[in-house]
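Data first, discussion second: the structure below is written as structure tokens.
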Amino acid sequence: MKSHNATGSLFLLACLLVWAASAACGAATEVVFTDPYSGNTAARDRMVQFINSATSTLDVAIYTFTYDQSGSTLSGVAGALQAARSRGVTLRIVTDADEVDSTSSTQFIILDILDGSRNGSLNSSTVRSGNYTGIMHNKFIVADGQRVLTGSTNWTSSGLFLQENNVLVLEGAGVAAPFAAEFQELWNGTYGNDDNPGSQHSFTTSDGVAAEVWFGADDDITGRITDAIDAATARIYFAMNVFSTGARAVEIAGALKAAAARGVDVRGVMDEDIDQWSYLVSSPAIPMGDYIPVSAGLLHSKFMVVDPGLPAARVLTGSNNWSTNADAANDENLVILASPGLVNRYFDNFRLLYVERSANAGGSQPIRRFGDLTGDKQITVADYEAARAIASNQRSATPFELITGDVAPEPGVDGHVFGDGIVDGQDVAWLANYLGIPQGTDRVGDILALPDGAAVETEPLVVTGTFGNTFYVEQSDRAAGIRVQSAAVSVGDEVSITGTMATVTAGGERYISATSVNKLASGKTPPAALSIQQDDMGGQDRSALTRGVPGATSLFNVGLRQTIHGRVTGWGLFAFWVDDGSGCDDGSGFTGVKVSCGTLTRPPVGALVRVTGICSLDQRNGANIRLLRTSVQSDIEALE
């Protein structure tokens with residue numbers, strides 16, 4: 001037995017608690033997960049609620065049932081069944097023969113109380129048992145012939161509070177019918193494989209969820225699992241208690257390896273049974289997690305998520321482990337669901353197990369963290385940068401980045417425990433908050449409407465030009481740009497700016513007087529320059545506070561990176577004029593637009609040039625005039 005240290009994320013535990021509380025009174029089809037790391041009672045409470053809803057019949061198939069008995073008093077799940085029988089609900093229970101072979105066992109005592117006899121023998125009108133060749137491993141209830149509760153959970157204190165399990169509720173007479181038929185077969189004494197597979201497997205729940213229902217050993221459960229693996233196009237994620245080396249398990253392992261070889265992202269988490277470890281992690285390697293239990297707990301869930309987030313997404317769950325006995329000898333069930341919401345909930349639970357609650361095989365510490373998109377076991381600015389690139393659609397998220405990086409919003413949104421299925425701005429904000437990176441939300445276009453003295457905190461913006469103790473930034477959509485009074489940045493830096501609004505005395509150009517400039521990244525590509533006619537430069541007044549150029553008819557565009565073309569018409573002090581034939585005349589004596597170039601080499605008068613810079617404002621005779629500010633020699637190009 002391995003020794004594991006219990007670790008976890010307080011943030012994620014809080015998320016799970018909030019979601020579990022809401023799940024207990026959710027929609028007709030729902031899943032509730034146990035959480036041994038927090039000890040919440042959501043799974044137990046949902047089971048009791050389900051039993052309490054019965055008005056006429058309860059048919060129960062349960063492998064292990066020890067929760068909860070003290071002397072002749074029953075509570076918990078056992079107490080709910082006793083209360084149902086007392087109010088006139090017809091109760092029938094089938095269980096595994098080996099689990100009740102001792103009259104002193106807790107399970108025997110509970111069943112003896114529930115059958116109403118309390119005489120040291122089980123009344124066959126209420127309780128029956130069987131399957132000596134394998135085990136009766138089912139864990140399901142059919143209530144009133146209309147609703148089913150199934151999943152991986154045995155009815156024990158460990159199963160409900162110390163183990164990772166899932167409880168699945170399905171509603172509708174159609175989907176309940178195969179469970180009722182399977183129960184009747186067991187009740188009639190037919191256990192194990194009698195070569196009598198079911199004739200119908202596809203159903204729709206009362207709330208429209210497409211479901212397939214299969215029962216081992218009669219139905220080919222392994223075939224259903226390998227079919228789902230073979231159909232996967234992008235991702236397969238599984239959590240499994242036992243993954244053995246028997247023939248049926250080898251089929252599943254082989255299908256997983258083949259999927260990985262064709263480029264499907266295959267990942268898993270397993271418990272103590274490590275028979276398949278060496279095979280699964282050999283080429284092509286399948287990244288695996290070794291579950292780190294709390295106390296004496298274990299990973300007891302059995303589920304596989306196929307292509308989450310894609311149209312053909314599926315989740316497979318039920319009672320069966322991946323072993324030959326489970327498929328060939330035991331009484332088991334497998335449910336396959338096609339529902340984006342349910343698939344995502346199982347996917348979120350896989351993420352929790354894989355990221356926060358597992359280590360490498362034989363390890364003792366989690367090997368991943370939520371927010372660690374780079375996989376280096378720590379959260380750094382590199383993870384923030386990766387999330388930023390994905391959120392801004394510069395590139396797609398890899399499967400690993402989606403697993404680790406989708407950390408927001410809070411639970412309860414669209415049924416997700418931790419994420420919303422994408423890496424977006426909310427995840428970027430979560431990482432920024434974790435790393436202490438200031439994340440303003442003000443956009444330049446909104447800032448320009450604010451009066452002088454107004455406080456601003458910009459969204460992340462890329463520097464487009466630097467000029468001594470000022471620089472310019474603009475929105476990525478090129479809708480607005482602005483001057484910033486601050487030094488020590490470079491073109492291509494991504495920055496978040498905190499400061500106040502102000503106005504340049506000469507020319508009336510608006511700017512941010514920065515109190516802090518937080519550099520988030522460097523080497524970014526600035527938004528492409530707008531190729532613009534000279535008479536469109538500057539544009540109209542944006543507002544009474546933000547003025548443009550008198551007589552202009554185009555939209556306000558001061559602060560944006562722009563490119564103009566034309567011939568040089570004259571020189572001035574640290575400046576020259578370029579005319580593209582638009583007829584601009586600023587009263588300088590030269591036609592065209594003034595280009596401020598500082599100490600850069602000016603092109604000769606008469607030269608045909610292309611000039612790129614930042615559209616700014618100057619003033620002549622009390623009126624705003626157009627000004628293009630260049631900062632590097634490469635901004636000025638000769639065209640002939």
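Residue names in the structure tokens use chain letters A, B, ... in the order shown, residue numbers from 1 in each chain, and ligand numbers from 1 in the order shown.
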Using only C-alpha atoms, find each residue of stretch 136-193 of chain A with at least one atom at most 12 Å away from an atom of stretch 309-330 of chain A; report its shortest atom-to-atom pair and that distance in Å (one decimal), sort the rows by chain and rising residue number, and return the result as CSV.
```
residue,atom,partner,partner_atom,distance
A:Met136,CA,A:Asn330,CA,5.8
A:His137,CA,A:Asn330,CA,6.4
A:Asn138,CA,A:Ser319,CA,5.8
A:Lys139,CA,A:Ser319,CA,6.7
A:Phe140,CA,A:Ser319,CA,9.0
A:Leu149,CA,A:Gly318,CA,10.4
A:Thr150,CA,A:Gly318,CA,6.8
A:Gly151,CA,A:Gly318,CA,4.6
A:Ser152,CA,A:Ser319,CA,4.9
A:Thr153,CA,A:Ser319,CA,8.0
A:Asn154,CA,A:Ser319,CA,9.3
A:Asn165,CA,A:Gly318,CA,10.3
A:Asn166,CA,A:Thr317,CA,8.7
A:Val167,CA,A:Gly318,CA,9.1
A:Leu168,CA,A:Gly318,CA,8.5
A:Val169,CA,A:Gly318,CA,11.4
A:Leu186,CA,A:Asn330,CA,11.8
A:Thr190,CA,A:Asn330,CA,11.6
A:Tyr191,CA,A:Asn330,CA,7.9
A:Gly192,CA,A:Ala329,CA,5.2
A:Asn193,CA,A:Ala329,CA,6.1
```
Exercise for review: Write out as a ChimeraX atom specification the residues lying within 8 Å of stretch 579-583 of chain A, counting only C-alpha atoms and excluding same-chain residues fewer than 4 positions away.
Suggested key: /A:533-535,564-569,591-593
Quick one: write out the picked residues with N, CA and C atoms as a PDB file, in the first residue's frame?
```
ATOM      1  N   GLN A 533      -5.370  58.556 -45.715  1.00  0.00           N
ATOM      2  CA  GLN A 533      -5.179  59.799 -46.443  1.00  0.00           C
ATOM      3  C   GLN A 533      -4.971  60.930 -45.446  1.00  0.00           C
ATOM      4  N   GLN A 534      -4.193  61.928 -45.862  1.00  0.00           N
ATOM      5  CA  GLN A 534      -3.824  62.982 -44.925  1.00  0.00           C
ATOM      6  C   GLN A 534      -5.016  63.792 -44.441  1.00  0.00           C
ATOM      7  N   ASP A 535      -6.031  63.987 -45.304  1.00  0.00           N
ATOM      8  CA  ASP A 535      -7.154  64.795 -44.847  1.00  0.00           C
ATOM      9  C   ASP A 535      -8.064  64.024 -43.887  1.00  0.00           C
ATOM     10  N   ILE A 564       1.372  57.245 -43.879  1.00  0.00           N
ATOM     11  CA  ILE A 564       0.995  58.148 -44.968  1.00  0.00           C
ATOM     12  C   ILE A 564       2.026  58.030 -46.091  1.00  0.00           C
ATOM     13  N   HIS A 565       1.617  58.440 -47.293  1.00  0.00           N
ATOM     14  CA  HIS A 565       2.496  58.416 -48.460  1.00  0.00           C
ATOM     15  C   HIS A 565       2.462  59.794 -49.122  1.00  0.00           C
ATOM     16  N   GLY A 566       3.561  60.210 -49.761  1.00  0.00           N
ATOM     17  CA  GLY A 566       3.565  61.475 -50.495  1.00  0.00           C
ATOM     18  C   GLY A 566       4.974  61.990 -50.726  1.00  0.00           C
ATOM     19  N   ARG A 567       5.042  63.227 -51.233  1.00  0.00           N
ATOM     20  CA  ARG A 567       6.336  63.852 -51.494  1.00  0.00           C
ATOM     21  C   ARG A 567       6.672  64.862 -50.417  1.00  0.00           C
ATOM     22  N   VAL A 568       7.954  64.931 -50.110  1.00  0.00           N
ATOM     23  CA  VAL A 568       8.432  65.890 -49.115  1.00  0.00           C
ATOM     24  C   VAL A 568       8.378  67.279 -49.724  1.00  0.00           C
ATOM     25  N   THR A 569       7.686  68.200 -49.013  1.00  0.00           N
ATOM     26  CA  THR A 569       7.521  69.567 -49.544  1.00  0.00           C
ATOM     27  C   THR A 569       8.361  70.598 -48.812  1.00  0.00           C
ATOM     28  N   THR A 591       2.813  72.650 -48.012  1.00  0.00           N
ATOM     29  CA  THR A 591       1.590  71.843 -48.130  1.00  0.00           C
ATOM     30  C   THR A 591       1.827  70.454 -47.532  1.00  0.00           C
ATOM     31  N   GLY A 592       0.730  69.850 -47.096  1.00  0.00           N
ATOM     32  CA  GLY A 592       0.834  68.497 -46.546  1.00  0.00           C
ATOM     33  C   GLY A 592       0.751  68.474 -45.036  1.00  0.00           C
ATOM     34  N   VAL A 593       1.243  67.383 -44.452  1.00  0.00           N
ATOM     35  CA  VAL A 593       1.174  67.132 -43.013  1.00  0.00           C
ATOM     36  C   VAL A 593       2.571  67.201 -42.410  1.00  0.00           C
TER      37      VAL A 593
END
```
Exercise for review: Step one, run DSSP on the backbone; step two, keep only residues of stretch 72-245 of chain A assigned to helix (DSSP H, G or I); then write them as an NGL selection string.
Suggested key: :A and (76-86 or 97-100 or 106-114 or 157-162 or 173-187 or 221-231)
Review point. What's the 9 Å shell around A:Ser358, counting only C-alpha atoms, without same-chain residues fewer than 2 positions away, as a list in words?
Key: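 Surrounding residues, per the criterion: Val269, Met270, Met288, Gly289, Asp290, Tyr291, Ile292, Pro293, Leu352, Leu353, Tyr354, Val355, Glu356, Asn360, Ala361, Gly363, Ser364, Gln365, Pro366, Ile367 and Arg368 of chain A.
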Quick one: write out the picked residues with N, CA, C and O atoms as a PDB file, in the first residue's frame?
```
ATOM      1  N   VAL A 269      -6.579   8.650 -14.525  1.00  0.00           N
ATOM      2  CA  VAL A 269      -6.234   8.597 -13.105  1.00  0.00           C
ATOM      3  C   VAL A 269      -6.684   7.237 -12.595  1.00  0.00           C
ATOM      4  O   VAL A 269      -7.813   6.811 -12.869  1.00  0.00           O
ATOM      5  N   MET A 270      -5.808   6.559 -11.846  1.00  0.00           N
ATOM      6  CA  MET A 270      -6.163   5.256 -11.299  1.00  0.00           C
ATOM      7  C   MET A 270      -5.830   5.203  -9.816  1.00  0.00           C
ATOM      8  O   MET A 270      -5.081   6.022  -9.295  1.00  0.00           O
ATOM      9  N   MET A 288      -0.574   9.653 -16.921  1.00  0.00           N
ATOM     10  CA  MET A 288      -1.401   9.028 -15.894  1.00  0.00           C
ATOM     11  C   MET A 288      -1.204   9.712 -14.551  1.00  0.00           C
ATOM     12  O   MET A 288      -0.124  10.190 -14.225  1.00  0.00           O
ATOM     13  N   GLY A 289      -2.270   9.721 -13.769  1.00  0.00           N
ATOM     14  CA  GLY A 289      -2.208  10.217 -12.403  1.00  0.00           C
ATOM     15  C   GLY A 289      -2.479   9.088 -11.431  1.00  0.00           C
ATOM     16  O   GLY A 289      -3.345   8.237 -11.657  1.00  0.00           O
ATOM     17  N   ASP A 290      -1.746   9.058 -10.337  1.00  0.00           N
ATOM     18  CA  ASP A 290      -1.908   8.069  -9.267  1.00  0.00           C
ATOM     19  C   ASP A 290      -2.622   8.766  -8.115  1.00  0.00           C
ATOM     20  O   ASP A 290      -2.071   9.673  -7.495  1.00  0.00           O
ATOM     21  N   TYR A 291      -3.852   8.373  -7.852  1.00  0.00           N
ATOM     22  CA  TYR A 291      -4.693   9.097  -6.901  1.00  0.00           C
ATOM     23  C   TYR A 291      -4.083   9.146  -5.504  1.00  0.00           C
ATOM     24  O   TYR A 291      -3.594   8.148  -4.984  1.00  0.00           O
ATOM     25  N   ILE A 292      -4.135  10.337  -4.902  1.00  0.00           N
ATOM     26  CA  ILE A 292      -3.654  10.547  -3.538  1.00  0.00           C
ATOM     27  C   ILE A 292      -4.858  10.588  -2.609  1.00  0.00           C
ATOM     28  O   ILE A 292      -5.617  11.556  -2.614  1.00  0.00           O
ATOM     29  N   PRO A 293      -5.087   9.550  -1.828  1.00  0.00           N
ATOM     30  CA  PRO A 293      -6.321   9.505  -1.029  1.00  0.00           C
ATOM     31  C   PRO A 293      -6.223  10.305   0.264  1.00  0.00           C
ATOM     32  O   PRO A 293      -5.149  10.619   0.755  1.00  0.00           O
ATOM     33  N   LEU A 352     -10.228  17.728 -11.537  1.00  0.00           N
ATOM     34  CA  LEU A 352      -9.897  17.799 -10.119  1.00  0.00           C
ATOM     35  C   LEU A 352      -9.007  16.624  -9.716  1.00  0.00           C
ATOM     36  O   LEU A 352      -7.985  16.793  -9.042  1.00  0.00           O
ATOM     37  N   LEU A 353      -9.383  15.419 -10.144  1.00  0.00           N
ATOM     38  CA  LEU A 353      -8.615  14.232  -9.787  1.00  0.00           C
ATOM     39  C   LEU A 353      -7.234  14.250 -10.428  1.00  0.00           C
ATOM     40  O   LEU A 353      -6.231  13.919  -9.788  1.00  0.00           O
ATOM     41  N   TYR A 354      -7.170  14.644 -11.683  1.00  0.00           N
ATOM     42  CA  TYR A 354      -5.915  14.594 -12.438  1.00  0.00           C
ATOM     43  C   TYR A 354      -4.951  15.699 -12.037  1.00  0.00           C
ATOM     44  O   TYR A 354      -3.743  15.493 -11.943  1.00  0.00           O
ATOM     45  N   VAL A 355      -5.494  16.889 -11.789  1.00  0.00           N
ATOM     46  CA  VAL A 355      -4.631  18.038 -11.534  1.00  0.00           C
ATOM     47  C   VAL A 355      -4.247  18.145 -10.061  1.00  0.00           C
ATOM     48  O   VAL A 355      -3.072  18.248  -9.721  1.00  0.00           O
ATOM     49  N   GLU A 356      -5.232  18.131  -9.176  1.00  0.00           N
ATOM     50  CA  GLU A 356      -4.988  18.443  -7.772  1.00  0.00           C
ATOM     51  C   GLU A 356      -4.842  17.217  -6.873  1.00  0.00           C
ATOM     52  O   GLU A 356      -4.317  17.339  -5.766  1.00  0.00           O
ATOM     53  N   ASN A 360       2.527  11.294 -10.010  1.00  0.00           N
ATOM     54  CA  ASN A 360       3.051  10.272 -10.891  1.00  0.00           C
ATOM     55  C   ASN A 360       2.946   8.919 -10.204  1.00  0.00           C
ATOM     56  O   ASN A 360       2.827   8.839  -8.984  1.00  0.00           O
ATOM     57  N   ALA A 361       3.002   7.846 -10.970  1.00  0.00           N
ATOM     58  CA  ALA A 361       2.896   6.498 -10.394  1.00  0.00           C
ATOM     59  C   ALA A 361       3.888   6.334  -9.257  1.00  0.00           C
ATOM     60  O   ALA A 361       5.088   6.524  -9.427  1.00  0.00           O
ATOM     61  N   GLY A 363       4.197   8.219  -6.708  1.00  0.00           N
ATOM     62  CA  GLY A 363       4.597   9.482  -6.102  1.00  0.00           C
ATOM     63  C   GLY A 363       3.756   9.836  -4.893  1.00  0.00           C
ATOM     64  O   GLY A 363       2.845   9.115  -4.507  1.00  0.00           O
ATOM     65  N   SER A 364       4.073  10.968  -4.296  1.00  0.00           N
ATOM     66  CA  SER A 364       3.362  11.359  -3.084  1.00  0.00           C
ATOM     67  C   SER A 364       2.842  12.788  -3.125  1.00  0.00           C
ATOM     68  O   SER A 364       2.174  13.216  -2.201  1.00  0.00           O
ATOM     69  N   GLN A 365       3.134  13.527  -4.194  1.00  0.00           N
ATOM     70  CA  GLN A 365       2.678  14.907  -4.282  1.00  0.00           C
ATOM     71  C   GLN A 365       2.008  15.152  -5.625  1.00  0.00           C
ATOM     72  O   GLN A 365       2.360  14.528  -6.620  1.00  0.00           O
ATOM     73  N   PRO A 366       1.023  16.044  -5.655  1.00  0.00           N
ATOM     74  CA  PRO A 366       0.414  16.369  -6.943  1.00  0.00           C
ATOM     75  C   PRO A 366       1.473  16.865  -7.927  1.00  0.00           C
ATOM     76  O   PRO A 366       2.401  17.577  -7.535  1.00  0.00           O
ATOM     77  N   ILE A 367       1.342  16.471  -9.183  1.00  0.00           N
ATOM     78  CA  ILE A 367       2.343  16.850 -10.178  1.00  0.00           C
ATOM     79  C   ILE A 367       1.859  18.011 -11.039  1.00  0.00           C
ATOM     80  O   ILE A 367       2.559  18.438 -11.934  1.00  0.00           O
ATOM     81  N   ARG A 368       0.664  18.515 -10.759  1.00  0.00           N
ATOM     82  CA  ARG A 368       0.114  19.598 -11.547  1.00  0.00           C
ATOM     83  C   ARG A 368      -0.595  20.582 -10.620  1.00  0.00           C
ATOM     84  O   ARG A 368      -0.817  20.287  -9.459  1.00  0.00           O
TER      85      ARG A 368
END
```
**Study point:** Counting only C-alpha atoms, the option among A:Thr458, A:Asn196, A:Thr599, A:Gln49 closest to A:Ala217
**Key:** A:Asn196
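Of the residues under consideration (A:Leu608, A:Ala455, A:Val89, A:Ala255), A:Ala455 shows the shortest atom-to-atom contact distance to A:Met501 when counting only C-alpha atoms.
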Review point. If you run DSSP on the backbone, which residues of stretch 324-567 of chain A are strand (DSSP E or B), as a ChimeraX atom specification?
Key: /A:331-338,358-359,442,455-458,461-467,470-474,481-485,494-503,510-521,530-531,561-567
Practice item. Identify, on the basis of only C-alpha atoms, every residue whose closest approach to A:Ser125 does not exceed 8 Å; exclude the query and any residue fewer than 2 positions from it along the same chain; express the result as a PyMOL selection string. Key: chain A and resi 92+115+123+127-128
Point to revise | For A:Gly172, the nearest of the candidates A:Glu457, A:Asp96, A:Asp144, A:Asp194, counting only C-alpha atoms | key: A:Asp144
Exercise for review: Pick out the closest residue to A:Gly421 from this set: A:Gly481, A:Gly371, A:Gly453, A:Gly341. Count only C-alpha atoms.
Suggested key: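 So, comparing all the options, the nearest one is A:Gly341.
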